[in-house]
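**Q** Data file final.cif (mmCIF, C-alpha atoms and all ligand atoms) is appended below.
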data_target
#
loop_
_atom_site.group_PDB
_atom_site.id
_atom_site.type_symbol
_atom_site.label_atom_id
_atom_site.label_comp_id
_atom_site.auth_asym_id
_atom_site.auth_seq_id
_atom_site.Cartn_x
_atom_site.Cartn_y
_atom_site.Cartn_z
ATOM 1 C CA MET A 20 198.639 -64.244 -57.077
ATOM 2 C CA PRO A 21 194.923 -65.111 -57.266
ATOM 3 C CA GLU A 22 192.625 -62.192 -56.550
ATOM 4 C CA ILE A 23 191.268 -63.696 -53.354
ATOM 5 C CA ALA A 24 194.808 -64.164 -52.012
ATOM 6 C CA ARG A 25 195.695 -60.576 -52.975
ATOM 7 C CA ASN A 26 192.585 -59.304 -51.218
ATOM 8 C CA MET A 27 193.451 -61.297 -48.129
ATOM 9 C CA LYS A 28 196.991 -59.887 -48.179
ATOM 10 C CA GLU A 29 195.692 -56.318 -48.515
ATOM 11 C CA LEU A 30 193.299 -56.889 -45.664
ATOM 12 C CA GLN A 31 196.064 -58.235 -43.499
ATOM 13 C CA GLU A 32 198.472 -55.398 -44.289
ATOM 14 C CA GLY A 33 195.780 -52.790 -43.724
ATOM 15 C CA ARG A 34 194.877 -54.156 -40.341
ATOM 16 C CA LYS A 35 195.314 -51.767 -37.466
ATOM 17 C CA ASP A 36 196.218 -52.398 -33.899
ATOM 18 C CA PHE A 37 193.154 -52.138 -31.775
ATOM 19 C CA SER A 38 192.624 -49.243 -29.447
ATOM 20 C CA PHE A 39 189.724 -49.847 -27.172
ATOM 21 C CA GLU A 40 188.685 -51.109 -23.792
ATOM 22 C CA SER A 41 190.154 -54.596 -24.216
ATOM 23 C CA ARG A 42 193.618 -53.149 -24.780
ATOM 24 C CA GLU A 43 193.748 -52.422 -21.064
ATOM 25 C CA LEU A 44 192.496 -55.911 -20.245
ATOM 26 C CA LEU A 45 195.053 -57.472 -22.557
ATOM 27 C CA GLU A 46 197.910 -55.399 -21.158
ATOM 28 C CA ARG A 47 196.872 -56.163 -17.605
ATOM 29 C CA ALA A 48 196.942 -59.823 -18.536
ATOM 30 C CA GLY A 49 200.432 -59.355 -19.957
ATOM 31 C CA TYR A 50 199.482 -59.804 -23.605
ATOM 32 C CA THR A 51 200.757 -57.801 -26.539
ATOM 33 C CA LEU A 52 199.188 -56.128 -29.509
ATOM 34 C CA GLY A 53 199.865 -59.214 -31.586
ATOM 35 C CA TYR A 54 196.440 -60.192 -30.307
ATOM 36 C CA ASP A 55 194.980 -57.879 -32.853
ATOM 37 C CA ARG A 56 191.677 -59.427 -33.742
ATOM 38 C CA PRO A 57 189.258 -61.638 -31.911
ATOM 39 C CA LEU A 58 188.047 -65.126 -32.655
ATOM 40 C CA ILE A 59 184.434 -64.569 -31.701
ATOM 41 C CA VAL A 60 181.950 -67.164 -30.508
ATOM 42 C CA ARG A 61 178.487 -65.645 -30.953
ATOM 43 C CA CYS A 62 174.839 -66.600 -31.395
ATOM 44 C CA PHE A 63 173.577 -66.976 -34.961
ATOM 45 C CA ASP A 64 170.773 -64.473 -34.227
ATOM 46 C CA SER A 65 170.951 -61.888 -37.030
ATOM 47 C CA ARG A 66 169.720 -59.131 -34.717
ATOM 48 C CA LEU A 67 173.305 -59.104 -33.443
ATOM 49 C CA ASP A 68 174.841 -58.362 -36.854
ATOM 50 C CA PRO A 69 174.795 -54.539 -36.635
ATOM 51 C CA ILE A 70 176.197 -54.691 -33.095
ATOM 52 C CA PHE A 71 179.142 -56.849 -34.120
ATOM 53 C CA ALA A 72 179.646 -54.776 -37.280
ATOM 54 C CA ALA A 73 179.851 -51.598 -35.170
ATOM 55 C CA PHE A 74 182.247 -53.323 -32.765
ATOM 56 C CA LEU A 75 184.548 -54.153 -35.696
ATOM 57 C CA MET A 76 184.366 -50.701 -37.197
ATOM 58 C CA GLU A 77 184.849 -48.828 -33.935
ATOM 59 C CA ASN A 78 187.989 -50.782 -33.252
ATOM 60 C CA GLY A 79 189.519 -50.471 -36.693
ATOM 61 C CA TRP A 80 189.601 -54.153 -37.543
ATOM 62 C CA SER A 81 189.172 -55.150 -41.133
ATOM 63 C CA HIS A 82 188.034 -58.607 -40.185
ATOM 64 C CA GLN A 83 187.311 -61.060 -37.461
ATOM 65 C CA ASP A 84 186.933 -64.820 -37.220
ATOM 66 C CA VAL A 85 183.459 -65.923 -36.175
ATOM 67 C CA ILE A 86 182.009 -69.137 -34.812
ATOM 68 C CA SER A 87 178.269 -68.573 -35.096
ATOM 69 C CA VAL A 88 176.009 -71.081 -33.356
ATOM 70 C CA PRO A 89 172.622 -70.929 -31.625
ATOM 71 C CA GLY A 90 173.239 -69.579 -28.116
ATOM 72 C CA GLY A 91 176.823 -68.475 -28.796
ATOM 73 C CA ALA A 92 179.043 -69.450 -25.856
ATOM 74 C CA ARG A 93 176.095 -70.782 -23.805
ATOM 75 C CA ALA A 94 176.880 -74.464 -24.428
ATOM 76 C CA LEU A 95 180.536 -73.945 -23.500
ATOM 77 C CA GLY A 96 179.400 -72.960 -20.012
ATOM 78 C CA SER A 97 176.825 -75.710 -19.644
ATOM 79 C CA SER A 98 177.272 -78.951 -17.739
ATOM 80 C CA ASP A 99 174.032 -80.347 -19.222
ATOM 81 C CA SER A 100 174.690 -83.548 -21.156
ATOM 82 C CA ALA A 101 172.340 -82.283 -23.902
ATOM 83 C CA ASP A 102 174.910 -79.545 -24.622
ATOM 84 C CA LYS A 103 177.909 -81.850 -24.744
ATOM 85 C CA ALA A 104 177.982 -82.276 -28.540
ATOM 86 C CA THR A 105 177.574 -78.526 -29.161
ATOM 87 C CA ARG A 106 180.259 -77.766 -26.580
ATOM 88 C CA GLN A 107 182.643 -80.122 -28.358
ATOM 89 C CA THR A 108 181.768 -78.713 -31.799
ATOM 90 C CA ILE A 109 182.454 -75.140 -30.695
ATOM 91 C CA PHE A 110 185.695 -76.115 -29.028
ATOM 92 C CA GLU A 111 186.861 -77.953 -32.157
ATOM 93 C CA ALA A 112 186.061 -74.817 -34.198
ATOM 94 C CA ILE A 113 188.112 -72.725 -31.738
ATOM 95 C CA LYS A 114 191.028 -75.116 -32.200
ATOM 96 C CA THR A 115 190.649 -74.775 -35.980
ATOM 97 C CA GLY A 116 190.735 -70.954 -35.625
ATOM 98 C CA ILE A 117 193.947 -71.302 -33.645
ATOM 99 C CA ALA A 118 195.465 -73.688 -36.175
ATOM 100 C CA VAL A 119 194.577 -71.899 -39.396
ATOM 101 C CA HIS A 120 194.455 -68.225 -38.365
ATOM 102 C CA GLU A 121 196.743 -68.241 -35.345
ATOM 103 C CA ALA A 122 193.942 -66.892 -33.192
ATOM 104 C CA LYS A 123 195.168 -65.848 -29.764
ATOM 105 C CA TRP A 124 192.267 -63.862 -28.461
ATOM 106 C CA ILE A 125 189.111 -65.900 -27.943
ATOM 107 C CA LEU A 126 186.067 -63.745 -27.313
ATOM 108 C CA LEU A 127 183.091 -65.691 -25.940
ATOM 109 C CA THR A 128 179.724 -63.966 -26.085
ATOM 110 C CA ILE A 129 176.170 -64.503 -24.903
ATOM 111 C CA HIS A 130 173.383 -62.059 -25.674
ATOM 112 C CA VAL A 131 170.303 -60.674 -24.011
ATOM 113 C CA ASP A 132 166.962 -62.225 -25.044
ATOM 114 C CA CYS A 133 168.589 -65.351 -26.489
ATOM 115 C CA ARG A 134 165.892 -67.866 -27.423
ATOM 116 C CA SER A 135 168.412 -70.687 -27.355
ATOM 117 C CA TYR A 136 167.975 -70.840 -23.597
ATOM 118 C CA GLY A 137 164.518 -72.250 -24.252
ATOM 119 C CA ILE A 138 163.130 -70.833 -21.007
ATOM 120 C CA THR A 139 161.454 -67.650 -19.852
ATOM 121 C CA PHE A 140 163.395 -65.939 -17.104
ATOM 122 C CA PRO A 141 161.371 -64.438 -14.242
ATOM 123 C CA SER A 142 163.132 -61.091 -14.700
ATOM 124 C CA ASP A 143 165.791 -59.338 -16.779
ATOM 125 C CA GLU A 144 168.082 -59.476 -13.754
ATOM 126 C CA ALA A 145 167.645 -63.251 -13.433
ATOM 127 C CA GLU A 146 168.439 -63.666 -17.137
ATOM 128 C CA LYS A 147 171.561 -61.539 -16.915
ATOM 129 C CA GLU A 148 172.725 -63.301 -13.754
ATOM 130 C CA LYS A 149 172.355 -66.740 -15.362
ATOM 131 C CA GLN A 150 174.111 -65.578 -18.528
ATOM 132 C CA LYS A 151 176.990 -64.067 -16.558
ATOM 133 C CA GLN A 152 177.432 -67.360 -14.722
ATOM 134 C CA ASP A 153 177.397 -69.248 -18.016
ATOM 135 C CA LEU A 154 179.960 -66.870 -19.511
ATOM 136 C CA ALA A 155 182.246 -67.267 -16.507
ATOM 137 C CA GLU A 156 181.941 -71.040 -16.785
ATOM 138 C CA ALA A 157 182.579 -70.923 -20.547
ATOM 139 C CA VAL A 158 185.737 -68.847 -19.982
ATOM 140 C CA ARG A 159 186.886 -71.303 -17.307
ATOM 141 C CA PHE A 160 186.298 -74.282 -19.593
ATOM 142 C CA VAL A 161 188.062 -72.827 -22.631
ATOM 143 C CA SER A 162 190.948 -71.344 -20.595
ATOM 144 C CA ALA A 163 191.541 -74.640 -18.853
ATOM 145 C CA SER A 164 191.569 -76.438 -22.193
ATOM 146 C CA LEU A 165 194.132 -74.138 -23.846
ATOM 147 C CA SER A 166 197.650 -73.116 -22.924
ATOM 148 C CA PRO A 167 198.086 -69.822 -21.026
ATOM 149 C CA GLU A 168 199.234 -67.866 -24.100
ATOM 150 C CA PHE A 169 195.610 -67.570 -25.177
ATOM 151 C CA PHE A 170 193.516 -64.714 -23.912
ATOM 152 C CA VAL A 171 189.973 -65.946 -23.290
ATOM 153 C CA GLU A 172 187.436 -63.260 -22.541
ATOM 154 C CA GLY A 173 183.684 -63.386 -21.875
ATOM 155 C CA ARG A 174 181.386 -60.602 -22.981
ATOM 156 C CA PHE A 175 177.692 -59.872 -22.717
ATOM 157 C CA VAL A 176 175.899 -58.468 -25.775
ATOM 158 C CA ASP A 177 172.859 -56.223 -25.647
ATOM 159 C CA GLY A 178 171.353 -53.526 -27.866
ATOM 160 C CA ARG A 179 174.013 -51.048 -26.779
ATOM 161 C CA GLY A 180 177.121 -53.064 -27.449
ATOM 162 C CA ILE A 181 179.461 -55.824 -26.382
ATOM 163 C CA HIS A 182 180.348 -55.477 -22.742
ATOM 164 C CA PRO A 183 183.043 -57.073 -20.579
ATOM 165 C CA VAL A 184 181.503 -58.889 -17.623
HETATM 166 ZN ZN ZN A 201 170.623 -66.183 -29.349
#
Could I get this file's structure written as structure tokens?
Ligand SMILES: [Zn+2]

**A**
Amino acid sequence: MPEIARNMKELQEGRKDFSFESRELLERAGYTLGYDRPLIVRCFDSRLDPIFAAFLMENGWSHQDVISVPGGARALGSSDSADKATRQTIFEAIKTGIAVHEAKWILLTIHVDCRSYGITFPSDEAEKEKQKQDLAEAVRFVSASLSPEFFVEGRFVDGRGIHPV
């Protein structure tokens, strides 16, 4: 077995079930622990790296699947025609994650102070409100486009962590 394949196998066998706040969400939604790692849509902003790394470590995952694009899930929640191509690209990548890694848990994220919005919000509250709306819309779009076996969750990222909304 090539070394990379052996490493992948070891990673897979060493993977733990998650034990954290989403477990409750998953169970409430009737899902099982087979949904043991997220397919994450996140912004490419490297300031987020330590936050996502801590999220992985805290939850005992050895790996995650990541779709990293400017704005993260923002375009998925946008009805602006300028976002149509990005929306389609992200959704195609999600479908690839499902096809090649059997992803079941799709975690859509948007973060505070994201320059991809290209606007200055009048207040932190206004920014968060807009981003929550976009996340909700992104979850609606992706959920409606996939069969019900997939768990699609939206989360807001700030300097303290990755929060359910
Ligand atoms: Zn960003």

**Q** List every residue of chain A that has an atom at most 9 Å from any atom of ligand ZN 201 (chain A), and for each one report the closest atom pair and its distance in Å to one decimal, counting all atoms listed in the file, with rows sorted by chain and then by increasing residue number, as a Markdown table.

**A**
| residue | atom | partner | partner_atom | distance |
| --- | --- | --- | --- | --- |
| A:Arg61 | CA | A:ZN201 | ZN | 8.0 |
| A:Cys62 | CA | A:ZN201 | ZN | 4.7 |
| A:Phe63 | CA | A:ZN201 | ZN | 6.4 |
| A:Asp64 | CA | A:ZN201 | ZN | 5.2 |
| A:Ser65 | CA | A:ZN201 | ZN | 8.8 |
| A:Arg66 | CA | A:ZN201 | ZN | 8.9 |
| A:Leu67 | CA | A:ZN201 | ZN | 8.6 |
| A:Val88 | CA | A:ZN201 | ZN | 8.3 |
| A:Pro89 | CA | A:ZN201 | ZN | 5.6 |
| A:Gly90 | CA | A:ZN201 | ZN | 4.5 |
| A:Gly91 | CA | A:ZN201 | ZN | 6.6 |
| A:Ile129 | CA | A:ZN201 | ZN | 7.3 |
| A:His130 | CA | A:ZN201 | ZN | 6.2 |
| A:Val131 | CA | A:ZN201 | ZN | 7.7 |
| A:Asp132 | CA | A:ZN201 | ZN | 6.9 |
| A:Cys133 | CA | A:ZN201 | ZN | 3.6 |
| A:Arg134 | CA | A:ZN201 | ZN | 5.4 |
| A:Ser135 | CA | A:ZN201 | ZN | 5.4 |
| A:Tyr136 | CA | A:ZN201 | ZN | 7.9 |

**Q** Between A:Leu58, A:Val184, A:Ala101, A:Ile70, which has the minimum distance to Glu148 of chain A (counting all atoms listed in the file)?

**A**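 The shortest atom-to-atom distance to Glu148 of chain A comes from A:Val184.
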
**Q** Given 5 Å of margin on each side, can you work out the centre and size in Å (one decimal) of an axis-aligned box holding every listed atom of segment 137-144 of chain A, as lines of an AutoDock Vina configuration file?

**A**
center_x = 164.7
center_y = -65.8
center_z = -19.0
size_x = 16.7
size_y = 22.9
size_z = 20.5

**Q** Ranking A:Lys114, A:Arg56, A:Arg93, A:Lys103 by minimum distance to Lys149 of chain A and counting only C-alpha atoms, which one comes first?

**A**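 The closest residue to Lys149 of chain A is A:Arg93.
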
**Q** Find the residues near Asp84 of chain A: any atom within 12 Å, counting all atoms listed in the file, skip ones fewer than 5 places away on the same chain, and give them as a PyMOL selection string.

**A** chain A and resi 55-61+71+75+112-113+115-117+119-127

**Q** Restricting it to C-alpha atoms, dump the selection as a PDB file, keeping the file's coordinate frame.

**A**
ATOM      1  CA  ASP A  55     194.980 -57.879 -32.853  1.00  0.00           C
ATOM      2  CA  ARG A  56     191.677 -59.427 -33.742  1.00  0.00           C
ATOM      3  CA  PRO A  57     189.258 -61.638 -31.911  1.00  0.00           C
ATOM      4  CA  LEU A  58     188.047 -65.126 -32.655  1.00  0.00           C
ATOM      5  CA  ILE A  59     184.434 -64.569 -31.701  1.00  0.00           C
ATOM      6  CA  VAL A  60     181.950 -67.164 -30.508  1.00  0.00           C
ATOM      7  CA  ARG A  61     178.487 -65.645 -30.953  1.00  0.00           C
ATOM      8  CA  PHE A  71     179.142 -56.849 -34.120  1.00  0.00           C
ATOM      9  CA  LEU A  75     184.548 -54.153 -35.696  1.00  0.00           C
ATOM     10  CA  ALA A 112     186.061 -74.817 -34.198  1.00  0.00           C
ATOM     11  CA  ILE A 113     188.112 -72.725 -31.738  1.00  0.00           C
ATOM     12  CA  THR A 115     190.649 -74.775 -35.980  1.00  0.00           C
ATOM     13  CA  GLY A 116     190.735 -70.954 -35.625  1.00  0.00           C
ATOM     14  CA  ILE A 117     193.947 -71.302 -33.645  1.00  0.00           C
ATOM     15  CA  VAL A 119     194.577 -71.899 -39.396  1.00  0.00           C
ATOM     16  CA  HIS A 120     194.455 -68.225 -38.365  1.00  0.00           C
ATOM     17  CA  GLU A 121     196.743 -68.241 -35.345  1.00  0.00           C
ATOM     18  CA  ALA A 122     193.942 -66.892 -33.192  1.00  0.00           C
ATOM     19  CA  LYS A 123     195.168 -65.848 -29.764  1.00  0.00           C
ATOM     20  CA  TRP A 124     192.267 -63.862 -28.461  1.00  0.00           C
ATOM     21  CA  ILE A 125     189.111 -65.900 -27.943  1.00  0.00           C
ATOM     22  CA  LEU A 126     186.067 -63.745 -27.313  1.00  0.00           C
ATOM     23  CA  LEU A 127     183.091 -65.691 -25.940  1.00  0.00           C
TER      24      LEU A 127
END

**Q** Which residue gives the smallest distance to Phe160 of chain A among A:Ala118, A:Leu95, A:Ile138, A:Val176, with only C-alpha atoms counted?

**A**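 The answer is A:Leu95, which sits nearest to Phe160 of chain A.
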
**Q** Mind giving me the straight-line distance from atom CA of Gly180 of chain A to atom CA of Asn78 of chain A in Å, one decimal?

**A**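 Atom CA of Asn78 of chain A lies 12.5 Å from atom CA of Gly180 of chain A.
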
**Q** Check the smallest atom-to-atom distance from each of A:Glu144, A:Lys151, A:Glu111, A:Glu156 to Gly96 of chain A using all atoms listed in the file, then report the winner.

**A**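 Result for the nearest residue to Gly96 of chain A: A:Glu156.
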
**Q** Go through A:Phe170, A:Phe175, A:Phe74, A:Phe110 one by one, measure the shortest atom-to-atom distance of each to Lys147 of chain A using only C-alpha atoms, and give the residue with the smallest value.

**A**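 Looking at the shortest contact to Lys147 of chain A, the residue is A:Phe175.
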
**Q** Mind pulling up the distance from atom CA of Ile109 of chain A to atom CA of Ser97 of chain A?

**A**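 Separation between atom CA of Ser97 of chain A and atom CA of Ile109 of chain A: 12.4 Å.
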
**Q** Quick one: residues within 12 Å of Arg159 of chain A, all atoms listed in the file counted, chain neighbours fewer than 2 positions away excluded, as a PyMOL selection string?

**A** chain A and resi 92+95-97+127+152-157+161-165+167+170-173

**Q** Atom CA of Ala73 of chain A and atom CA of Phe140 of chain A, how far apart in Å?

**A** 28.3 Å

**Q** Pick from A:Arg106, A:Met76, A:Asp68, A:Pro141: nearest to Gly178 of chain A, with only C-alpha atoms counted?

**A**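 Answer, going by the shortest atom-to-atom distance: A:Asp68.
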